[in-house]
Amino acid sequence: MTFEIKRLNVNPEDLEQLGTKEKFWFRFKGGNTNWLFKYSRKNTGEHWSEKVAEKLCEALGIPHVKYEMAEMDGRMGVVTPNIVPEGFRMVMGNEVLHADSPSSYPEPEVNSLQFVRVKEHTVRRVLGCLDMTGVLPPRSWTSHVGLNSGDVFCGYLLLDALVSNQDRHHENWAILIDVNSQKKFLCETYDHAASLGRELLDCDRDRRLSSKDKNQSVETFVRKARSELFKFKTDRKPMYTVDAFFVAVEKRVKAKEYWLGQLSELGFDEIKSIFDCIPGEVSTDLAKSFALRMVLENRKRLLNDVRA
C-alpha cells in the first residue's frame, strides 16, 4: 500500500514566522486540530524524505512527530498535527541551552528567519543539559528499559546517522513544559527532510550508483553527511552524523546497546518495504533506489562502528 498524499484546498489562517520554509497553520474541515503545512523546496524530495524518516522512527521505536505527504496548489509538502498539547508550551533547544548557561551559550535571535550555526551547540552540552535539568523522556515514550531523556536523544542521533540528516541544529529539537505542573519533557523528534539525498538530480544518483570511481560512490557520499552538533566549540566544522551518535553514547552503555539493538533488528525487507510505499508521482525509482542504498550503507556503518 502506498503512502497517502493529502490534497489540500484550504485558506491559510496564519503564516508561520519561524524557520526558512513557507508554511502555514490550518484545520481540516470539521476538525478541531491545528495542522501545519510545510512546502517542500523546489526540485527536492523533502516530502518523501520526511515521510521515510517518520516510518523509520516508527520501526526503530524512536519517539517522533507524525507526517503525511500533501499537495497544495500543485506544490508538494508535508502536513503534521500541532505537536504542542493543550496546556503545554514548546521551548526550542537554543532557548533551553541559553537558559541553562546564559553566560556561555548565545542568546536566541528573536524572529530570525535565517539559521545561524552555533559552535557551542555540542553533544556534551545538549546531553548534559537534558540530564541535569530534570527533563523527562517524551510523553509518548513507553519503553521500560530505563533510558532517560538524554539516552532517548541518542536515538534521535542514530536516526540522523541512518538517513544522513544534516539539520539537527539547536532549533530542531525542543522540550515541552506543562504550564501547570512545570514538568519538562523532551519533544518527539521532528524535521528530518534534509536527508536521503533529497536534493540530488537523478543524473547524479545514477552516476553514483553505477560509477566504479570510489570517490563517486554512495559509500563516499554518505560519509560526507555532517550533523549540526559539534564535538568541541573550538572545532571548525560540526561532526559527521555517525560520529555524533558514537560520541553521544560513549559513556552511555545502556543507550548504545539499546539503539544499536533496535537497528540490528531492522532488516533489509522492512527497510525496503518503506521505500516501496512511496508513490511514483512523488519520487522516481532511481531516487528510491539511491535513498535505500544510503540507509543500508549507514546501517552497516553504525552496526560496525565505521566512522568518517
# chains A, B, ... in the order shown; residues from 1 in each chain; ligands from 1
>>> residues_around(residues="Pro63 of chain A", least_positions_apart="6", cutoff="8 Å", atoms="only C-alpha atoms", output="list of chain:residue names")
A:Cys57, A:Pro138, A:Ser140, A:Trp141, A:Glu188, A:Thr189
>>> write_last_selection(atoms="C-alpha atoms", output="mmCIF file, in the first residue's frame")
data_model
loop_
_atom_site.group_PDB
_atom_site.id
_atom_site.type_symbol
_atom_site.label_atom_id
_atom_site.label_comp_id
_atom_site.auth_asym_id
_atom_site.auth_seq_id
_atom_site.Cartn_x
_atom_site.Cartn_y
_atom_site.Cartn_z
ATOM 1 C CA CYS A 57 11.380 6.137 13.530
ATOM 2 C CA PRO A 138 8.907 12.251 25.651
ATOM 3 C CA SER A 140 4.895 9.136 24.085
ATOM 4 C CA TRP A 141 7.908 7.122 25.277
ATOM 5 C CA GLU A 188 9.497 13.917 19.935
ATOM 6 C CA THR A 189 11.991 14.211 17.091
#
>>> closest_atom_pairs(of="segment 76-112 of chain A", to="segment 27-36 of chain A", cutoff="10 Å", atoms="only C-alpha atoms", output="JSON lines")
{"residue": "A:Val78", "atom": "CA", "partner": "A:Leu36", "partner_atom": "CA", "distance": 8.1}
{"residue": "A:Val79", "atom": "CA", "partner": "A:Leu36", "partner_atom": "CA", "distance": 5.4}
{"residue": "A:Thr80", "atom": "CA", "partner": "A:Leu36", "partner_atom": "CA", "distance": 5.3}
{"residue": "A:Pro81", "atom": "CA", "partner": "A:Trp35", "partner_atom": "CA", "distance": 4.3}
{"residue": "A:Asn82", "atom": "CA", "partner": "A:Trp35", "partner_atom": "CA", "distance": 5.5}
{"residue": "A:Ile83", "atom": "CA", "partner": "A:Trp35", "partner_atom": "CA", "distance": 9.0}
>>> write_last_selection(atoms="N, CA and C atoms", output="PDB file, in the first residue's frame")
ATOM      1  N   VAL A  78       4.460  18.614   3.301  1.00  0.00           N
ATOM      2  CA  VAL A  78       4.016  17.674   4.331  1.00  0.00           C
ATOM      3  C   VAL A  78       3.090  18.397   5.293  1.00  0.00           C
ATOM      4  N   VAL A  79       2.225  17.618   5.927  1.00  0.00           N
ATOM      5  CA  VAL A  79       1.380  18.156   6.998  1.00  0.00           C
ATOM      6  C   VAL A  79       1.655  17.368   8.272  1.00  0.00           C
ATOM      7  N   THR A  80       1.550  18.070   9.381  1.00  0.00           N
ATOM      8  CA  THR A  80       1.749  17.437  10.680  1.00  0.00           C
ATOM      9  C   THR A  80       0.818  18.089  11.690  1.00  0.00           C
ATOM     10  N   PRO A  81       0.213  17.307  12.583  1.00  0.00           N
ATOM     11  CA  PRO A  81      -0.648  17.919  13.601  1.00  0.00           C
ATOM     12  C   PRO A  81       0.186  18.716  14.591  1.00  0.00           C
ATOM     13  N   ASN A  82      -0.419  19.701  15.211  1.00  0.00           N
ATOM     14  CA  ASN A  82       0.254  20.505  16.226  1.00  0.00           C
ATOM     15  C   ASN A  82       0.863  19.589  17.287  1.00  0.00           C
ATOM     16  N   ILE A  83       2.168  19.700  17.493  1.00  0.00           N
ATOM     17  CA  ILE A  83       2.845  18.784  18.419  1.00  0.00           C
ATOM     18  C   ILE A  83       2.875  19.310  19.848  1.00  0.00           C
TER      19      ILE A  83
END
>>> select_by_dssp(residues="segment 236-307 of chain A", states="alpha helix (DSSP H)", output="PyMOL selection string")
chain A and resi 241-248+253-264+268-276+285-303
>>> write_last_selection(atoms="C-alpha atoms", output="mmCIF file, in the first residue's frame")
data_model
loop_
_atom_site.group_PDB
_atom_site.id
_atom_site.type_symbol
_atom_site.label_atom_id
_atom_site.label_comp_id
_atom_site.auth_asym_id
_atom_site.auth_seq_id
_atom_site.Cartn_x
_atom_site.Cartn_y
_atom_site.Cartn_z
ATOM 1 C CA THR A 241 26.440 12.204 11.710
ATOM 2 C CA VAL A 242 27.777 8.742 12.598
ATOM 3 C CA ASP A 243 30.487 10.295 14.761
ATOM 4 C CA ALA A 244 27.882 12.380 16.599
ATOM 5 C CA PHE A 245 25.974 9.241 17.598
ATOM 6 C CA PHE A 246 29.040 7.398 18.858
ATOM 7 C CA VAL A 247 30.347 10.412 20.777
ATOM 8 C CA ALA A 248 26.903 10.741 22.384
ATOM 9 C CA VAL A 253 26.375 1.837 27.573
ATOM 10 C CA LYS A 254 22.682 1.113 28.025
ATOM 11 C CA ALA A 255 21.633 3.660 25.389
ATOM 12 C CA LYS A 256 24.247 2.385 22.941
ATOM 13 C CA GLU A 257 23.203 -1.239 23.349
ATOM 14 C CA TYR A 258 19.516 -0.398 23.145
ATOM 15 C CA TRP A 259 19.586 1.720 19.994
ATOM 16 C CA LEU A 260 22.057 -0.454 18.109
ATOM 17 C CA GLY A 261 19.963 -3.455 19.138
ATOM 18 C CA GLN A 262 16.882 -1.799 17.682
ATOM 19 C CA LEU A 263 18.781 -1.111 14.484
ATOM 20 C CA SER A 264 20.133 -4.649 14.187
ATOM 21 C CA PHE A 268 16.522 -5.244 4.648
ATOM 22 C CA ASP A 269 12.962 -6.362 3.872
ATOM 23 C CA GLU A 270 11.387 -3.989 6.392
ATOM 24 C CA ILE A 271 13.521 -1.067 5.239
ATOM 25 C CA LYS A 272 12.804 -1.748 1.564
ATOM 26 C CA SER A 273 9.076 -2.031 2.242
ATOM 27 C CA ILE A 274 9.088 1.576 3.450
ATOM 28 C CA PHE A 275 10.585 2.812 0.195
ATOM 29 C CA ASP A 276 8.215 0.617 -1.809
ATOM 30 C CA ASP A 285 12.597 4.648 -8.886
ATOM 31 C CA LEU A 286 16.139 5.950 -9.112
ATOM 32 C CA ALA A 287 15.620 8.314 -6.175
ATOM 33 C CA LYS A 288 14.163 5.488 -4.090
ATOM 34 C CA SER A 289 16.961 3.098 -5.011
ATOM 35 C CA PHE A 290 19.595 5.670 -4.121
ATOM 36 C CA ALA A 291 17.990 6.555 -0.786
ATOM 37 C CA LEU A 292 17.602 2.866 0.083
ATOM 38 C CA ARG A 293 21.309 2.340 -0.623
ATOM 39 C CA MET A 294 22.087 5.274 1.657
ATOM 40 C CA VAL A 295 20.119 3.766 4.547
ATOM 41 C CA LEU A 296 21.640 0.312 4.087
ATOM 42 C CA GLU A 297 25.159 1.729 3.952
ATOM 43 C CA ASN A 298 24.583 3.877 7.029
ATOM 44 C CA ARG A 299 23.068 0.911 8.876
ATOM 45 C CA LYS A 300 26.212 -1.090 8.161
ATOM 46 C CA ARG A 301 28.431 1.746 9.319
ATOM 47 C CA LEU A 302 26.517 2.126 12.571
ATOM 48 C CA LEU A 303 26.442 -1.581 13.392
#
>>> residues_around(residues="Pro238 of chain A", least_positions_apart="2", cutoff="7 Å", atoms="only C-alpha atoms", output="number ranges by chain")
A: 226-230, 240
>>> residues_around(residues="Tyr39 of chain A", least_positions_apart="4", cutoff="9 Å", atoms="only C-alpha atoms", output="list in words")
Lys21, Glu22, Lys23, Glu46, His47, Ala70, Glu71, Met72, Arg75, Met76, Gly77, Val78 and Val79 of chain A
>>> closest_residue(among="A:Arg208, A:Arg139, A:Arg41, A:His170", to="Pro106 of chain A", atoms="only C-alpha atoms")
A:His170
>>> closest_residue(among="A:Val145, A:Leu56, A:Met69, A:Leu158", to="Phe3 of chain A", atoms="only C-alpha atoms")
A:Met69
>>> atom_distance(atom1="atom CA of Glu68 of chain A", atom2="atom CA of Cys187 of chain A")
18.8 Å
>>> residues_around(residues="Phe185 of chain A", least_positions_apart="6", cutoff="8 Å", atoms="only C-alpha atoms", output="ChimeraX atom specification")
/A:135-139,149,175-177
>>> write_last_selection(atoms="N, CA and C atoms", output="CSV table (one decimal), in the first residue's frame")
chain,number,residue,atom,x,y,z
A,135,VAL,N,14.7,17.1,32.7
A,135,VAL,CA,13.8,16.8,31.5
A,135,VAL,C,13.5,15.4,31.5
A,136,LEU,N,12.2,15.0,31.4
A,136,LEU,CA,11.8,13.6,31.3
A,136,LEU,C,11.8,13.2,29.8
A,137,PRO,N,11.8,11.9,29.6
A,137,PRO,CA,11.6,11.4,28.2
A,137,PRO,C,10.3,11.9,27.6
A,138,PRO,N,10.2,11.8,26.3
A,138,PRO,CA,8.9,12.3,25.7
A,138,PRO,C,7.7,11.6,26.3
A,139,ARG,N,6.6,12.3,26.3
A,139,ARG,CA,5.3,11.7,26.8
A,139,ARG,C,4.9,10.5,26.1
A,149,SER,N,16.1,11.1,29.3
A,149,SER,CA,15.8,11.9,28.1
A,149,SER,C,17.1,12.0,27.2
A,175,ILE,N,12.0,21.0,24.1
A,175,ILE,CA,11.3,20.4,25.2
A,175,ILE,C,9.9,21.0,25.3
A,176,LEU,N,9.0,20.2,25.9
A,176,LEU,CA,7.6,20.6,26.2
A,176,LEU,C,7.4,20.8,27.7
A,177,ILE,N,6.9,21.9,28.1
A,177,ILE,CA,6.7,22.2,29.5
A,177,ILE,C,5.2,22.3,29.8
>>> select_by_dssp(residues="segment 13-237 of chain A", states="strand (DSSP E or B)", output="count of residues only")
43
>>> closest_residue(among="A:Lys184, A:Asp100, A:Leu209, A:His192", to="Lys66 of chain A", atoms="only C-alpha atoms")
A:His192
>>> closest_residue(among="A:Glu54, A:Ser49, A:Gly74, A:Leu60", to="Arg7 of chain A", atoms="only C-alpha atoms")
A:Gly74
>>> atom_distance(atom1="atom CA of Lys233 of chain A", atom2="atom CA of Met90 of chain A")
26.0 Å
>>> atom_distance(atom1="atom CA of Asn94 of chain A", atom2="atom CA of Glu171 of chain A")
6.1 Å
>>> closest_residue(among="A:Lys231, A:Phe26, A:Glu95, A:Ala161", to="Leu196 of chain A", atoms="only C-alpha atoms")
A:Ala161
>>> decode(residues="segment 44-171 of chain A", atoms="C-alpha atoms", output="PDB file, in the first residue's frame")
ATOM      1  CA  THR A  44      13.711  18.429  -3.836  1.00  0.00           C
ATOM      2  CA  GLY A  45      12.157  15.323  -2.323  1.00  0.00           C
ATOM      3  CA  GLU A  46      11.733  16.852   1.116  1.00  0.00           C
ATOM      4  CA  HIS A  47       8.177  15.500   1.358  1.00  0.00           C
ATOM      5  CA  TRP A  48       9.042  11.837   0.775  1.00  0.00           C
ATOM      6  CA  SER A  49      12.302  12.020   2.763  1.00  0.00           C
ATOM      7  CA  GLU A  50      10.355  13.324   5.760  1.00  0.00           C
ATOM      8  CA  LYS A  51       7.830  10.503   5.428  1.00  0.00           C
ATOM      9  CA  VAL A  52      10.523   7.839   5.129  1.00  0.00           C
ATOM     10  CA  ALA A  53      12.281   9.201   8.227  1.00  0.00           C
ATOM     11  CA  GLU A  54       8.995   9.056  10.134  1.00  0.00           C
ATOM     12  CA  LYS A  55       8.426   5.410   9.180  1.00  0.00           C
ATOM     13  CA  LEU A  56      11.999   4.513  10.153  1.00  0.00           C
ATOM     14  CA  CYS A  57      11.380   6.137  13.530  1.00  0.00           C
ATOM     15  CA  GLU A  58       8.275   4.011  13.896  1.00  0.00           C
ATOM     16  CA  ALA A  59      10.214   0.841  13.057  1.00  0.00           C
ATOM     17  CA  LEU A  60      13.010   1.702  15.494  1.00  0.00           C
ATOM     18  CA  GLY A  61      10.754   2.828  18.340  1.00  0.00           C
ATOM     19  CA  ILE A  62      12.042   6.409  18.275  1.00  0.00           C
ATOM     20  CA  PRO A  63       9.504   8.949  19.603  1.00  0.00           C
ATOM     21  CA  HIS A  64       8.602  11.065  16.603  1.00  0.00           C
ATOM     22  CA  VAL A  65       6.198  13.553  15.124  1.00  0.00           C
ATOM     23  CA  LYS A  66       3.701  12.223  12.574  1.00  0.00           C
ATOM     24  CA  TYR A  67       3.917  13.429   8.978  1.00  0.00           C
ATOM     25  CA  GLU A  68       1.803  12.949   5.876  1.00  0.00           C
ATOM     26  CA  MET A  69       2.708  13.997   2.360  1.00  0.00           C
ATOM     27  CA  ALA A  70       0.401  16.646   0.976  1.00  0.00           C
ATOM     28  CA  GLU A  71      -0.206  18.746  -2.132  1.00  0.00           C
ATOM     29  CA  MET A  72      -1.419  22.346  -2.195  1.00  0.00           C
ATOM     30  CA  ASP A  73      -1.940  24.391  -5.372  1.00  0.00           C
ATOM     31  CA  GLY A  74       0.194  21.981  -7.359  1.00  0.00           C
ATOM     32  CA  ARG A  75       3.087  22.095  -4.894  1.00  0.00           C
ATOM     33  CA  MET A  76       4.175  19.226  -2.645  1.00  0.00           C
ATOM     34  CA  GLY A  77       4.858  19.377   1.058  1.00  0.00           C
ATOM     35  CA  VAL A  78       4.016  17.674   4.331  1.00  0.00           C
ATOM     36  CA  VAL A  79       1.380  18.156   6.998  1.00  0.00           C
ATOM     37  CA  THR A  80       1.749  17.437  10.680  1.00  0.00           C
ATOM     38  CA  PRO A  81      -0.648  17.919  13.601  1.00  0.00           C
ATOM     39  CA  ASN A  82       0.254  20.505  16.226  1.00  0.00           C
ATOM     40  CA  ILE A  83       2.845  18.784  18.419  1.00  0.00           C
ATOM     41  CA  VAL A  84       2.281  21.051  21.413  1.00  0.00           C
ATOM     42  CA  PRO A  85      -0.518  19.587  23.577  1.00  0.00           C
ATOM     43  CA  GLU A  86      -3.072  21.864  25.184  1.00  0.00           C
ATOM     44  CA  GLY A  87      -1.678  23.181  28.437  1.00  0.00           C
ATOM     45  CA  PHE A  88       1.942  22.900  27.296  1.00  0.00           C
ATOM     46  CA  ARG A  89       4.449  25.273  25.793  1.00  0.00           C
ATOM     47  CA  MET A  90       7.346  24.424  23.499  1.00  0.00           C
ATOM     48  CA  VAL A  91      10.875  25.644  24.179  1.00  0.00           C
ATOM     49  CA  MET A  92      13.436  25.278  21.397  1.00  0.00           C
ATOM     50  CA  GLY A  93      16.862  23.846  22.074  1.00  0.00           C
ATOM     51  CA  ASN A  94      18.629  27.191  21.745  1.00  0.00           C
ATOM     52  CA  GLU A  95      16.387  28.660  24.440  1.00  0.00           C
ATOM     53  CA  VAL A  96      16.919  25.626  26.668  1.00  0.00           C
ATOM     54  CA  LEU A  97      20.701  25.832  26.366  1.00  0.00           C
ATOM     55  CA  HIS A  98      20.830  29.602  26.846  1.00  0.00           C
ATOM     56  CA  ALA A  99      18.651  29.392  29.956  1.00  0.00           C
ATOM     57  CA  ASP A 100      20.903  26.653  31.323  1.00  0.00           C
ATOM     58  CA  SER A 101      24.145  28.544  30.540  1.00  0.00           C
ATOM     59  CA  PRO A 102      23.300  32.219  29.891  1.00  0.00           C
ATOM     60  CA  SER A 103      26.906  33.333  30.117  1.00  0.00           C
ATOM     61  CA  SER A 104      28.296  30.768  27.675  1.00  0.00           C
ATOM     62  CA  TYR A 105      25.505  29.967  25.208  1.00  0.00           C
ATOM     63  CA  PRO A 106      24.383  32.668  22.734  1.00  0.00           C
ATOM     64  CA  GLU A 107      21.037  34.315  23.322  1.00  0.00           C
ATOM     65  CA  PRO A 108      18.433  33.217  20.733  1.00  0.00           C
ATOM     66  CA  GLU A 109      17.785  35.728  17.986  1.00  0.00           C
ATOM     67  CA  VAL A 110      14.183  36.910  18.104  1.00  0.00           C
ATOM     68  CA  ASN A 111      12.141  36.470  14.898  1.00  0.00           C
ATOM     69  CA  SER A 112      15.178  35.372  12.913  1.00  0.00           C
ATOM     70  CA  LEU A 113      14.305  33.758   9.592  1.00  0.00           C
ATOM     71  CA  GLN A 114      17.887  32.742   8.889  1.00  0.00           C
ATOM     72  CA  PHE A 115      19.516  29.779  10.592  1.00  0.00           C
ATOM     73  CA  VAL A 116      22.775  30.682  12.336  1.00  0.00           C
ATOM     74  CA  ARG A 117      25.269  27.907  13.129  1.00  0.00           C
ATOM     75  CA  VAL A 118      26.386  27.937  16.770  1.00  0.00           C
ATOM     76  CA  LYS A 119      29.612  26.159  17.688  1.00  0.00           C
ATOM     77  CA  GLU A 120      28.585  25.988  21.336  1.00  0.00           C
ATOM     78  CA  HIS A 121      25.932  23.503  20.213  1.00  0.00           C
ATOM     79  CA  THR A 122      27.949  20.465  21.301  1.00  0.00           C
ATOM     80  CA  VAL A 123      26.819  16.923  22.028  1.00  0.00           C
ATOM     81  CA  ARG A 124      28.164  17.104  25.567  1.00  0.00           C
ATOM     82  CA  ARG A 125      26.333  20.358  26.297  1.00  0.00           C
ATOM     83  CA  VAL A 126      22.988  19.100  24.941  1.00  0.00           C
ATOM     84  CA  LEU A 127      23.099  15.780  26.779  1.00  0.00           C
ATOM     85  CA  GLY A 128      24.359  17.403  29.961  1.00  0.00           C
ATOM     86  CA  CYS A 129      21.507  19.889  29.894  1.00  0.00           C
ATOM     87  CA  LEU A 130      18.920  17.144  29.400  1.00  0.00           C
ATOM     88  CA  ASP A 131      20.486  15.080  32.207  1.00  0.00           C
ATOM     89  CA  MET A 132      20.814  17.867  34.742  1.00  0.00           C
ATOM     90  CA  THR A 133      17.688  19.977  34.302  1.00  0.00           C
ATOM     91  CA  GLY A 134      15.083  17.338  35.098  1.00  0.00           C
ATOM     92  CA  VAL A 135      13.832  16.846  31.547  1.00  0.00           C
ATOM     93  CA  LEU A 136      11.801  13.645  31.256  1.00  0.00           C
ATOM     94  CA  PRO A 137      11.643  11.398  28.172  1.00  0.00           C
ATOM     95  CA  PRO A 138       8.907  12.251  25.651  1.00  0.00           C
ATOM     96  CA  ARG A 139       5.343  11.739  26.839  1.00  0.00           C
ATOM     97  CA  SER A 140       4.895   9.136  24.085  1.00  0.00           C
ATOM     98  CA  TRP A 141       7.908   7.122  25.277  1.00  0.00           C
ATOM     99  CA  THR A 142       6.542   3.811  26.562  1.00  0.00           C
ATOM    100  CA  SER A 143       9.690   1.686  26.773  1.00  0.00           C
ATOM    101  CA  HIS A 144      10.668   0.325  30.184  1.00  0.00           C
ATOM    102  CA  VAL A 145      14.379  -0.114  29.512  1.00  0.00           C
ATOM    103  CA  GLY A 146      15.372   2.660  31.914  1.00  0.00           C
ATOM    104  CA  LEU A 147      16.583   5.292  29.455  1.00  0.00           C
ATOM    105  CA  ASN A 148      16.476   8.959  30.416  1.00  0.00           C
ATOM    106  CA  SER A 149      15.834  11.889  28.091  1.00  0.00           C
ATOM    107  CA  GLY A 150      19.497  12.159  27.108  1.00  0.00           C
ATOM    108  CA  ASP A 151      19.528   8.474  26.205  1.00  0.00           C
ATOM    109  CA  VAL A 152      16.402   8.936  24.091  1.00  0.00           C
ATOM    110  CA  PHE A 153      18.053  11.890  22.349  1.00  0.00           C
ATOM    111  CA  CYS A 154      20.827   9.461  21.370  1.00  0.00           C
ATOM    112  CA  GLY A 155      18.126   7.618  19.426  1.00  0.00           C
ATOM    113  CA  TYR A 156      17.481  10.843  17.515  1.00  0.00           C
ATOM    114  CA  LEU A 157      21.171  10.940  16.615  1.00  0.00           C
ATOM    115  CA  LEU A 158      21.017   7.320  15.474  1.00  0.00           C
ATOM    116  CA  LEU A 159      18.199   8.309  13.122  1.00  0.00           C
ATOM    117  CA  ASP A 160      20.227  11.266  11.848  1.00  0.00           C
ATOM    118  CA  ALA A 161      23.123   8.936  11.039  1.00  0.00           C
ATOM    119  CA  LEU A 162      20.834   6.372   9.398  1.00  0.00           C
ATOM    120  CA  VAL A 163      19.214   8.826   6.979  1.00  0.00           C
ATOM    121  CA  SER A 164      22.145  11.282   6.716  1.00  0.00           C
ATOM    122  CA  ASN A 165      20.069  14.067   8.274  1.00  0.00           C
ATOM    123  CA  GLN A 166      22.175  17.219   8.296  1.00  0.00           C
ATOM    124  CA  ASP A 167      19.730  19.528  10.060  1.00  0.00           C
ATOM    125  CA  ARG A 168      19.881  18.717  13.799  1.00  0.00           C
ATOM    126  CA  HIS A 169      20.571  22.329  14.715  1.00  0.00           C
ATOM    127  CA  HIS A 170      19.538  23.908  18.007  1.00  0.00           C
ATOM    128  CA  GLU A 171      16.016  24.727  16.821  1.00  0.00           C
TER     129      GLU A 171
END
